[in-house]
$ cat run15.cif   # mmCIF, C-alpha atoms
data_run
#
loop_
_atom_site.label_atom_id
_atom_site.label_comp_id
_atom_site.auth_asym_id
_atom_site.auth_seq_id
_atom_site.Cartn_x
_atom_site.Cartn_y
_atom_site.Cartn_z
CA MET A 136 -75.42 -38.37 53.30
CA SER A 137 -77.06 -35.82 55.59
CA ILE A 138 -75.55 -32.67 57.05
CA ASN A 139 -75.88 -34.07 60.57
CA ALA A 140 -73.91 -37.19 59.58
CA ILE A 141 -71.03 -35.01 58.31
CA PHE A 142 -71.03 -32.61 61.23
CA PRO A 143 -72.72 -34.47 64.16
CA ASN A 144 -71.64 -31.98 66.82
CA ILE A 145 -72.77 -28.84 64.97
CA PRO A 146 -76.45 -27.95 65.03
CA PHE A 147 -76.66 -26.97 61.36
CA HIS A 148 -80.39 -27.69 61.41
CA GLN A 149 -80.76 -24.44 63.29
CA VAL A 150 -79.12 -22.46 60.41
CA VAL A 151 -79.69 -24.26 57.07
CA SER A 152 -81.68 -27.22 55.96
CA THR A 153 -80.15 -30.49 54.81
CA GLU A 154 -81.41 -29.82 51.29
CA GLN A 155 -79.73 -26.43 51.18
CA PHE A 156 -76.45 -27.91 52.47
CA ASN A 157 -76.53 -30.67 49.90
CA THR A 158 -77.12 -28.14 47.15
CA VAL A 159 -74.15 -26.06 48.30
CA LEU A 160 -71.96 -29.16 48.65
CA SER A 161 -72.93 -30.33 45.19
CA ARG A 162 -72.05 -26.92 43.79
CA ILE A 163 -68.67 -26.97 45.56
CA LEU A 164 -67.85 -30.42 44.15
CA LYS A 165 -68.86 -29.28 40.68
CA LEU A 166 -66.64 -26.20 40.94
CA GLU A 167 -63.72 -28.37 42.09
CA ALA A 168 -64.23 -30.65 39.10
CA GLU A 169 -64.36 -27.65 36.77
CA ASN A 170 -61.21 -26.25 38.42
CA THR A 171 -59.38 -29.56 37.87
CA GLU A 172 -60.48 -29.56 34.24
CA SER A 173 -59.32 -25.94 33.84
CA LYS A 174 -55.92 -26.79 35.31
CA ALA A 175 -55.56 -29.67 32.86
CA HIS A 176 -56.51 -27.35 30.01
CA ILE A 177 -53.98 -24.74 31.18
CA LEU A 178 -51.23 -27.39 31.35
CA LYS A 179 -52.11 -28.46 27.82
CA LEU A 180 -51.96 -24.86 26.60
CA GLU A 181 -48.58 -24.35 28.30
CA SER A 182 -47.27 -27.48 26.58
CA GLU A 183 -48.53 -26.24 23.20
CA ILE A 184 -46.93 -22.81 23.82
CA ARG A 185 -43.57 -24.47 24.56
CA GLU A 186 -43.85 -26.47 21.33
CA VAL A 187 -44.68 -23.31 19.37
CA LYS A 188 -41.69 -21.50 20.92
CA ALA A 189 -39.37 -24.39 20.02
CA SER A 190 -40.71 -24.45 16.47
CA HIS A 191 -40.37 -20.67 16.25
CA GLN A 192 -36.73 -20.88 17.39
CA ASP A 193 -36.01 -23.52 14.73
CA THR A 194 -37.61 -21.25 12.13
CA ILE A 195 -35.46 -18.30 13.25
CA GLU A 196 -32.27 -20.39 13.06
CA LEU A 197 -33.24 -21.69 9.62
CA LEU A 198 -33.99 -18.15 8.45
CA ALA A 199 -30.64 -16.88 9.76
CA SER A 200 -28.84 -19.72 7.98
CA SER A 201 -30.72 -18.95 4.75
CA LEU A 202 -29.89 -15.24 4.97
CA LYS A 203 -26.20 -16.06 5.48
CA ARG A 204 -26.25 -18.36 2.46
CA ILE A 205 -27.98 -15.69 0.38
CA SER A 206 -25.28 -13.20 1.39
CA ILE A 207 -22.55 -15.64 0.30
CA LEU A 208 -24.31 -16.31 -3.01
CA GLU A 209 -24.71 -12.58 -3.64
CA GLU A 210 -20.98 -12.09 -2.99
CA GLU A 211 -20.07 -14.96 -5.33
CA ASN A 212 -22.46 -13.56 -7.93
CA ALA A 213 -20.79 -10.15 -7.69
CA ASP A 214 -17.36 -11.78 -8.14
CA LEU A 215 -18.69 -13.75 -11.11
CA LYS A 216 -20.05 -10.57 -12.72
CA ILE A 217 -16.65 -8.93 -12.32
CA SER A 218 -14.92 -11.93 -13.90
CA ILE A 219 -17.38 -11.96 -16.80
CA ARG A 220 -16.90 -8.24 -17.38
CA GLU A 221 -13.12 -8.58 -17.30
CA GLN A 222 -13.29 -11.57 -19.65
CA ALA A 223 -15.48 -9.57 -22.03
CA GLU A 224 -12.92 -6.75 -21.99
CA LEU A 225 -10.10 -9.19 -22.74
CA THR A 226 -12.13 -10.78 -25.52
CA ALA A 227 -12.78 -7.38 -27.09
CA LEU A 228 -9.08 -6.55 -26.83
CA SER A 229 -8.11 -9.87 -28.43
CA LEU A 230 -10.57 -9.35 -31.27
CA LYS A 231 -9.18 -5.87 -31.86
CA ARG A 232 -5.63 -7.22 -32.00
CA THR A 233 -6.68 -10.07 -34.29
CA ARG A 234 -8.29 -7.57 -36.62
CA ARG A 235 -5.11 -5.51 -36.73
CA ILE A 236 -3.07 -8.60 -37.58
CA GLU A 237 -5.50 -9.54 -40.35
CA ASN A 238 -5.30 -6.04 -41.77
CA ALA A 239 -1.50 -6.20 -41.78
CA ILE A 240 -1.15 -9.69 -43.29
CA PHE A 241 -4.12 -10.31 -45.58
CA THR A 242 -5.45 -8.43 -48.59
CA GLN A 243 -8.97 -7.08 -48.07
CA ASP A 244 -11.71 -5.80 -50.34
CA GLU A 245 -13.52 -2.46 -50.05
CA GLU A 246 -15.90 -3.86 -47.43
CA GLY A 247 -13.04 -5.05 -45.25
CA ASP A 248 -13.49 -8.77 -45.99
CA ILE A 249 -10.38 -10.91 -46.56
CA ILE A 250 -9.88 -11.77 -50.23
CA GLN A 251 -9.47 -15.46 -51.01
CA ASP A 252 -7.74 -17.12 -53.96
CA ASP A 253 -9.15 -19.83 -56.22
CA LYS A 254 -8.41 -22.46 -53.61
CA GLY A 255 -10.27 -20.58 -50.90
CA LYS A 256 -7.13 -19.53 -49.08
CA PRO A 257 -6.66 -15.92 -47.88
CA VAL A 258 -4.45 -13.77 -50.11
CA LEU A 259 -1.40 -12.39 -48.32
CA SER A 260 -0.80 -8.68 -48.66
CA LEU A 261 2.99 -9.30 -48.62
CA PRO A 262 4.04 -11.88 -51.26
CA ALA A 263 7.37 -12.43 -49.56
CA ALA A 264 5.72 -13.31 -46.32
CA CYS A 265 5.21 -16.93 -47.39
CA CYS A 266 8.90 -17.33 -48.08
CA ALA A 267 10.21 -15.54 -45.00
CA PRO A 268 11.29 -17.65 -42.00
CA PRO A 269 8.69 -17.73 -39.24
CA ALA A 270 9.23 -14.93 -36.77
CA THR A 271 9.67 -15.72 -33.11
CA VAL A 272 6.45 -14.88 -31.33
CA GLU A 273 7.14 -13.43 -27.94
CA HIS A 274 4.66 -13.19 -25.14
CA VAL A 275 3.45 -9.59 -25.01
CA GLU A 276 2.85 -8.25 -21.54
CA VAL A 277 -0.58 -6.70 -21.25
CA VAL A 278 -0.96 -3.26 -19.71
CA PRO A 279 -3.30 -3.74 -16.74
CA THR A 280 -6.70 -2.19 -17.30
CA THR A 281 -9.11 -4.05 -15.00
CA LYS A 282 -8.98 -4.15 -11.22
CA THR A 283 -7.97 -7.83 -11.28
CA GLU A 284 -5.11 -7.10 -13.71
CA VAL A 285 -3.91 -4.22 -11.53
CA ARG A 286 -3.88 -6.53 -8.51
CA ALA A 287 -1.94 -9.13 -10.52
CA ASP A 288 0.62 -6.50 -11.58
CA LEU A 289 1.05 -5.29 -8.00
CA LEU A 290 1.39 -8.85 -6.68
CA ARG A 291 4.12 -9.63 -9.24
CA GLU A 292 5.96 -6.43 -8.32
CA ASP A 293 5.68 -7.24 -4.60
CA VAL A 294 7.24 -10.68 -5.16
CA ARG A 295 10.05 -9.06 -7.14
CA LYS A 296 10.75 -6.45 -4.44
CA SER A 297 10.74 -9.09 -1.71
CA GLY A 298 13.82 -10.74 -3.22
CA LYS A 299 12.07 -14.10 -3.19
CA SER A 300 11.59 -16.34 -6.20
CA PHE A 301 7.99 -17.14 -5.29
CA TYR A 302 5.10 -16.45 -2.91
CA ASN A 303 3.24 -19.33 -1.29
CA ASN A 304 -0.50 -19.42 -0.81
CA SER A 305 -0.57 -17.67 2.59
CA GLU A 306 1.77 -14.91 1.36
CA ILE A 307 -0.46 -14.31 -1.67
CA VAL A 308 -3.61 -14.10 0.49
CA THR A 309 -1.88 -11.79 2.99
CA PHE A 310 -0.84 -9.43 0.19
CA LEU A 311 -4.36 -9.34 -1.29
CA LYS A 312 -5.98 -8.75 2.10
CA SER A 313 -3.63 -6.15 3.60
CA ARG A 314 -1.18 -4.59 1.14
CA LEU A 315 -3.25 -3.47 -1.85
CA PRO A 316 -3.69 0.29 -2.39
CA GLU A 317 -7.09 1.81 -1.71
CA SER A 318 -7.94 2.03 -5.42
CA CYS A 319 -8.07 -1.76 -5.78
CA MET A 320 -8.44 -2.85 -2.16
CA ILE A 321 -10.66 -5.88 -1.52
CA ASP A 322 -13.74 -4.97 0.50
CA ALA A 323 -13.74 -6.27 4.09
CA SER A 324 -17.17 -7.87 3.56
CA VAL A 325 -15.85 -10.15 0.81
CA LEU A 326 -15.99 -13.76 2.01
CA ASN A 327 -14.81 -15.58 -1.09
CA ILE A 328 -11.15 -14.45 -1.14
CA ARG A 329 -10.19 -17.75 -2.77
CA LYS A 330 -12.10 -16.83 -5.95
CA ILE A 331 -10.39 -13.42 -6.14
CA LYS A 332 -6.97 -15.04 -5.58
CA GLN A 333 -7.57 -17.50 -8.44
CA ASP A 334 -8.63 -14.69 -10.79
CA VAL A 335 -5.52 -12.65 -9.88
CA LEU A 336 -3.17 -15.59 -10.44
CA ARG A 337 -4.76 -16.41 -13.80
CA ALA A 338 -4.43 -12.77 -14.85
CA ALA A 339 -0.76 -12.68 -13.78
CA LYS A 340 0.08 -15.82 -15.78
CA ARG A 341 -1.77 -14.46 -18.81
CA MET A 342 -0.13 -11.02 -18.65
CA PHE A 343 3.49 -11.78 -17.78
CA SER A 344 5.86 -14.22 -19.43
CA ASP A 345 8.03 -14.57 -16.30
CA VAL A 346 5.13 -15.69 -14.08
CA GLU A 347 4.46 -19.36 -13.39
CA ILE A 348 1.67 -20.77 -11.24
CA ASN A 349 2.07 -24.25 -9.77
CA LYS A 350 1.59 -26.29 -6.61
CA SER A 351 4.38 -27.14 -4.18
CA LYS A 352 5.54 -30.75 -4.42
CA ASN A 353 5.76 -31.25 -0.66
CA GLY A 354 3.39 -30.80 2.26
CA ARG A 355 -0.10 -29.51 1.51
CA ARG A 356 0.70 -28.80 -2.16
CA GLU A 357 -0.30 -25.14 -1.87
CA THR A 358 -0.58 -22.91 -4.91
CA ARG A 359 2.54 -20.78 -5.53
CA MET A 360 3.29 -17.82 -7.78
CA ILE A 361 6.85 -18.15 -9.14
CA LEU A 362 8.92 -15.48 -10.90
CA ARG A 363 11.28 -16.98 -13.43
CA SER A 364 14.58 -15.15 -13.82
#
$ encode --input "run15.cif" --output "structure tokens"
Amino acid sequence: MSINAIFPNIPFHQVVSTEQFNTVLSRILKLEAENTESKAHILKLESEIREVKASHQDTIELLASSLKRISILEEENADLKISIREQAELTALSLKRTRRIENAIFTQDEEGDIIQDDKGKPVLSLPAACCAPPATVEHVEVVPTTKTEVRADLLREDVRKSGKSFYNNSEIVTFLKSRLPESCMIDASVLNIRKIKQDVLRAAKRMFSDVEINKSKNGRRETRMILRS
């Protein structure tokens, strides 16, 4: 197609030649094609950027969830360490008491080992002990030494002062969260209050003969701490 055919009323032949016009027109068409291709490429890049942003947001949410879970696990691990330490202290105390009982009842040699008779039975240090009627073994209340035992002692005393015969689950949790003294207060960052409550109730039952832990027979069967009269 010639320049005169495109613009019949304009005397382009006086300014540029048909060959020059065709060259310019060809260049313009090529630039338009390149511009269309660039636009398509830009749209593709924008789409890829949106996908990367969406993936990045999913990664952030997953990371936040993982960090929260790690925090919970660290808290549970700290509670577990406390329970293990308290159990080790109780075990050491029990072993010490057992040793005292053995020293009082059984005859021992110079190295502290219990002497056995010909039948392999331990020799009693008091011959009359085998003939005496069995003594009534009473539950000995333990003097609180660990933080959990102190909390158990305070909880028992709070129930007694309240005039009630028991505390239900919500009353126990409320006491542990808001009425403990500063020396054994539960940190506000603790999430696993249920684990602490269970440890306190177990300690109370172990320490005090008048404490009973059971579940209510009606409703949601919540755990209760009962003081027997």
$ atom_distance --input "run15.cif" --atom1 "atom CA of Ala223 of chain A" --atom2 "atom CA of Arg286 of chain A"
18.1 Å
$ closest_residue --input "run15.cif" --among "A:Glu357, A:Pro316, A:Leu311, A:Leu290" --to "Ala338 of chain A" --atoms "only C-alpha atoms"
A:Leu290
$ closest_residue --input "run15.cif" --among "A:Arg234, A:Arg291, A:Lys174, A:Lys312" --to "Arg359 of chain A" --atoms "only C-alpha atoms"
A:Arg291
$ resolve_selection --input "run15.cif" --expression "the PyMOL selection byres ((chain A and resi 347) around 8)" --output "list in words"
Lys340, Asp345, Val346, Ile348, Asn349, Met360, Ile361, Leu362 and Arg363 of chain A
$ atom_distance --input "run15.cif" --atom1 "atom CA of Asn304 of chain A" --atom2 "atom CA of Thr226 of chain A"
28.6 Å
$ atom_distance --input "run15.cif" --atom1 "atom CA of Thr309 of chain A" --atom2 "atom CA of Lys203 of chain A"
24.8 Å
$ resolve_selection --input "run15.cif" --expression "the PyMOL selection byres ((chain A and resi 335) around 10)" --output "list in words"
Lys282, Thr283, Glu284, Val285, Arg286, Ala287, Asp288, Leu290, Ile307, Leu311, Arg329, Lys330, Ile331, Lys332, Gln333, Asp334, Leu336, Arg337, Ala338, Ala339, Lys340 and Arg341 of chain A
$ closest_residue --input "run15.cif" --among "A:Gln251, A:Ile328, A:Glu292, A:Arg185" --to "Ser305 of chain A" --atoms "only C-alpha atoms"
A:Ile328
$ closest_residue --input "run15.cif" --among "A:Ser344, A:Thr233, A:Asn327, A:Ser364" --to "Glu211 of chain A" --atoms "only C-alpha atoms"
A:Asn327
$ closest_residue --input "run15.cif" --among "A:Ile236, A:Asp214, A:Lys165, A:Leu178" --to "Ile321 of chain A" --atoms "only C-alpha atoms"
A:Asp214
$ closest_residue --input "run15.cif" --among "A:Leu259, A:Val278, A:Ala189, A:Ile250" --to "Leu228 of chain A" --atoms "all atoms listed in the file"
A:Val278
$ decode --input "run15.cif" --residues "segment 291-330 of chain A" --atoms "N, CA and C atoms" --output "mmCIF file, in the first residue's frame"
data_model
loop_
_atom_site.group_PDB
_atom_site.id
_atom_site.type_symbol
_atom_site.label_atom_id
_atom_site.label_comp_id
_atom_site.auth_asym_id
_atom_site.auth_seq_id
_atom_site.Cartn_x
_atom_site.Cartn_y
_atom_site.Cartn_z
ATOM 1 N N ARG A 291 -6.395 -25.687 100.500
ATOM 2 C CA ARG A 291 -7.132 -26.409 101.561
ATOM 3 C C ARG A 291 -7.591 -25.438 102.646
ATOM 4 N N GLU A 292 -6.709 -24.525 103.042
ATOM 5 C CA GLU A 292 -7.043 -23.567 104.091
ATOM 6 C C GLU A 292 -8.142 -22.605 103.618
ATOM 7 N N ASP A 293 -8.113 -22.254 102.321
ATOM 8 C CA ASP A 293 -9.123 -21.345 101.780
ATOM 9 C C ASP A 293 -10.501 -22.016 101.782
ATOM 10 N N VAL A 294 -10.537 -23.310 101.441
ATOM 11 C CA VAL A 294 -11.806 -24.038 101.488
ATOM 12 C C VAL A 294 -12.329 -24.072 102.916
ATOM 13 N N ARG A 295 -11.427 -24.322 103.865
ATOM 14 C CA ARG A 295 -11.835 -24.403 105.271
ATOM 15 C C ARG A 295 -12.406 -23.062 105.754
ATOM 16 N N LYS A 296 -11.733 -21.960 105.407
ATOM 17 C CA LYS A 296 -12.177 -20.642 105.849
ATOM 18 C C LYS A 296 -13.481 -20.218 105.186
ATOM 19 N N SER A 297 -13.754 -20.752 104.002
ATOM 20 C CA SER A 297 -14.971 -20.376 103.282
ATOM 21 C C SER A 297 -16.228 -20.928 103.934
ATOM 22 N N GLY A 298 -16.064 -21.942 104.804
ATOM 23 C CA GLY A 298 -17.219 -22.563 105.433
ATOM 24 C C GLY A 298 -17.881 -23.609 104.559
ATOM 25 N N LYS A 299 -17.359 -23.813 103.361
ATOM 26 C CA LYS A 299 -17.919 -24.813 102.457
ATOM 27 C C LYS A 299 -17.269 -26.174 102.710
ATOM 28 N N SER A 300 -17.940 -27.205 102.231
ATOM 29 C CA SER A 300 -17.370 -28.549 102.368
ATOM 30 C C SER A 300 -16.523 -28.925 101.162
ATOM 31 N N PHE A 301 -16.633 -28.148 100.085
ATOM 32 C CA PHE A 301 -15.831 -28.447 98.897
ATOM 33 C C PHE A 301 -15.739 -27.207 98.004
ATOM 34 N N TYR A 302 -14.766 -27.240 97.096
ATOM 35 C CA TYR A 302 -14.659 -26.252 96.021
ATOM 36 C C TYR A 302 -14.877 -26.993 94.708
ATOM 37 N N ASN A 303 -15.663 -26.387 93.799
ATOM 38 C CA ASN A 303 -15.797 -26.994 92.482
ATOM 39 C C ASN A 303 -14.648 -26.534 91.585
ATOM 40 N N ASN A 304 -14.679 -26.993 90.357
ATOM 41 C CA ASN A 304 -13.557 -26.735 89.449
ATOM 42 C C ASN A 304 -13.312 -25.243 89.237
ATOM 43 N N SER A 305 -14.377 -24.476 88.987
ATOM 44 C CA SER A 305 -14.200 -23.041 88.718
ATOM 45 C C SER A 305 -13.689 -22.302 89.951
ATOM 46 N N GLU A 306 -14.122 -22.718 91.149
ATOM 47 C CA GLU A 306 -13.650 -22.079 92.375
ATOM 48 C C GLU A 306 -12.169 -22.383 92.614
ATOM 49 N N ILE A 307 -11.751 -23.588 92.268
ATOM 50 C CA ILE A 307 -10.334 -23.960 92.406
ATOM 51 C C ILE A 307 -9.476 -23.117 91.462
ATOM 52 N N VAL A 308 -9.906 -23.004 90.199
ATOM 53 C CA VAL A 308 -9.151 -22.250 89.201
ATOM 54 C C VAL A 308 -9.100 -20.772 89.579
ATOM 55 N N THR A 309 -10.224 -20.235 90.067
ATOM 56 C CA THR A 309 -10.260 -18.826 90.476
ATOM 57 C C THR A 309 -9.275 -18.562 91.612
ATOM 58 N N PHE A 310 -9.224 -19.475 92.585
ATOM 59 C CA PHE A 310 -8.283 -19.315 93.690
ATOM 60 C C PHE A 310 -6.843 -19.326 93.189
ATOM 61 N N LEU A 311 -6.516 -20.282 92.309
ATOM 62 C CA LEU A 311 -5.142 -20.396 91.817
ATOM 63 C C LEU A 311 -4.745 -19.186 90.971
ATOM 64 N N LYS A 312 -5.692 -18.624 90.253
ATOM 65 C CA LYS A 312 -5.376 -17.501 89.368
ATOM 66 C C LYS A 312 -5.300 -16.160 90.105
ATOM 67 N N SER A 313 -6.110 -15.976 91.161
ATOM 68 C CA SER A 313 -6.247 -14.620 91.706
ATOM 69 C C SER A 313 -6.003 -14.467 93.206
ATOM 70 N N ARG A 314 -5.918 -15.571 93.970
ATOM 71 C CA ARG A 314 -5.833 -15.379 95.416
ATOM 72 C C ARG A 314 -4.570 -15.977 96.049
ATOM 73 N N LEU A 315 -3.625 -16.378 95.250
ATOM 74 C CA LEU A 315 -2.364 -16.878 95.802
ATOM 75 C C LEU A 315 -1.461 -15.708 96.181
ATOM 76 N N PRO A 316 -0.661 -15.837 97.238
ATOM 77 C CA PRO A 316 0.288 -14.767 97.585
ATOM 78 C C PRO A 316 1.381 -14.661 96.529
ATOM 79 N N GLU A 317 2.070 -13.554 96.547
ATOM 80 C CA GLU A 317 3.084 -13.280 95.520
ATOM 81 C C GLU A 317 4.179 -14.337 95.485
ATOM 82 N N SER A 318 4.503 -14.934 96.625
ATOM 83 C CA SER A 318 5.597 -15.907 96.693
ATOM 84 C C SER A 318 5.341 -17.159 95.867
ATOM 85 N N CYS A 319 4.069 -17.502 95.667
ATOM 86 C CA CYS A 319 3.760 -18.703 94.880
ATOM 87 C C CYS A 319 2.709 -18.412 93.828
ATOM 88 N N MET A 320 2.608 -17.151 93.422
ATOM 89 C CA MET A 320 1.631 -16.751 92.416
ATOM 90 C C MET A 320 1.973 -17.378 91.067
ATOM 91 N N ILE A 321 0.939 -17.754 90.309
ATOM 92 C CA ILE A 321 1.135 -18.322 88.982
ATOM 93 C C ILE A 321 1.353 -17.186 87.994
ATOM 94 N N ASP A 322 2.392 -17.299 87.179
ATOM 95 C CA ASP A 322 2.728 -16.246 86.234
ATOM 96 C C ASP A 322 1.596 -16.042 85.231
ATOM 97 N N ALA A 323 1.364 -14.782 84.864
ATOM 98 C CA ALA A 323 0.261 -14.447 83.956
ATOM 99 C C ALA A 323 0.442 -15.059 82.575
ATOM 100 N N SER A 324 1.682 -15.379 82.200
ATOM 101 C CA SER A 324 1.944 -15.949 80.873
ATOM 102 C C SER A 324 1.659 -17.444 80.805
ATOM 103 N N VAL A 325 1.389 -18.063 81.951
ATOM 104 C CA VAL A 325 1.127 -19.504 81.970
ATOM 105 C C VAL A 325 -0.197 -19.789 81.267
ATOM 106 N N LEU A 326 -0.160 -20.674 80.281
ATOM 107 C CA LEU A 326 -1.356 -21.027 79.528
ATOM 108 C C LEU A 326 -1.988 -22.329 80.026
ATOM 109 N N ASN A 327 -1.166 -23.209 80.528
ATOM 110 C CA ASN A 327 -1.652 -24.529 80.915
ATOM 111 C C ASN A 327 -2.016 -24.566 82.398
ATOM 112 N N ILE A 328 -3.040 -23.815 82.793
ATOM 113 C CA ILE A 328 -3.463 -23.773 84.198
ATOM 114 C C ILE A 328 -4.024 -25.120 84.631
ATOM 115 N N ARG A 329 -4.570 -25.883 83.693
ATOM 116 C CA ARG A 329 -5.149 -27.187 84.020
ATOM 117 C C ARG A 329 -4.091 -28.127 84.589
ATOM 118 N N LYS A 330 -2.886 -28.097 84.028
ATOM 119 C CA LYS A 330 -1.798 -28.956 84.516
ATOM 120 C C LYS A 330 -1.412 -28.569 85.938
#
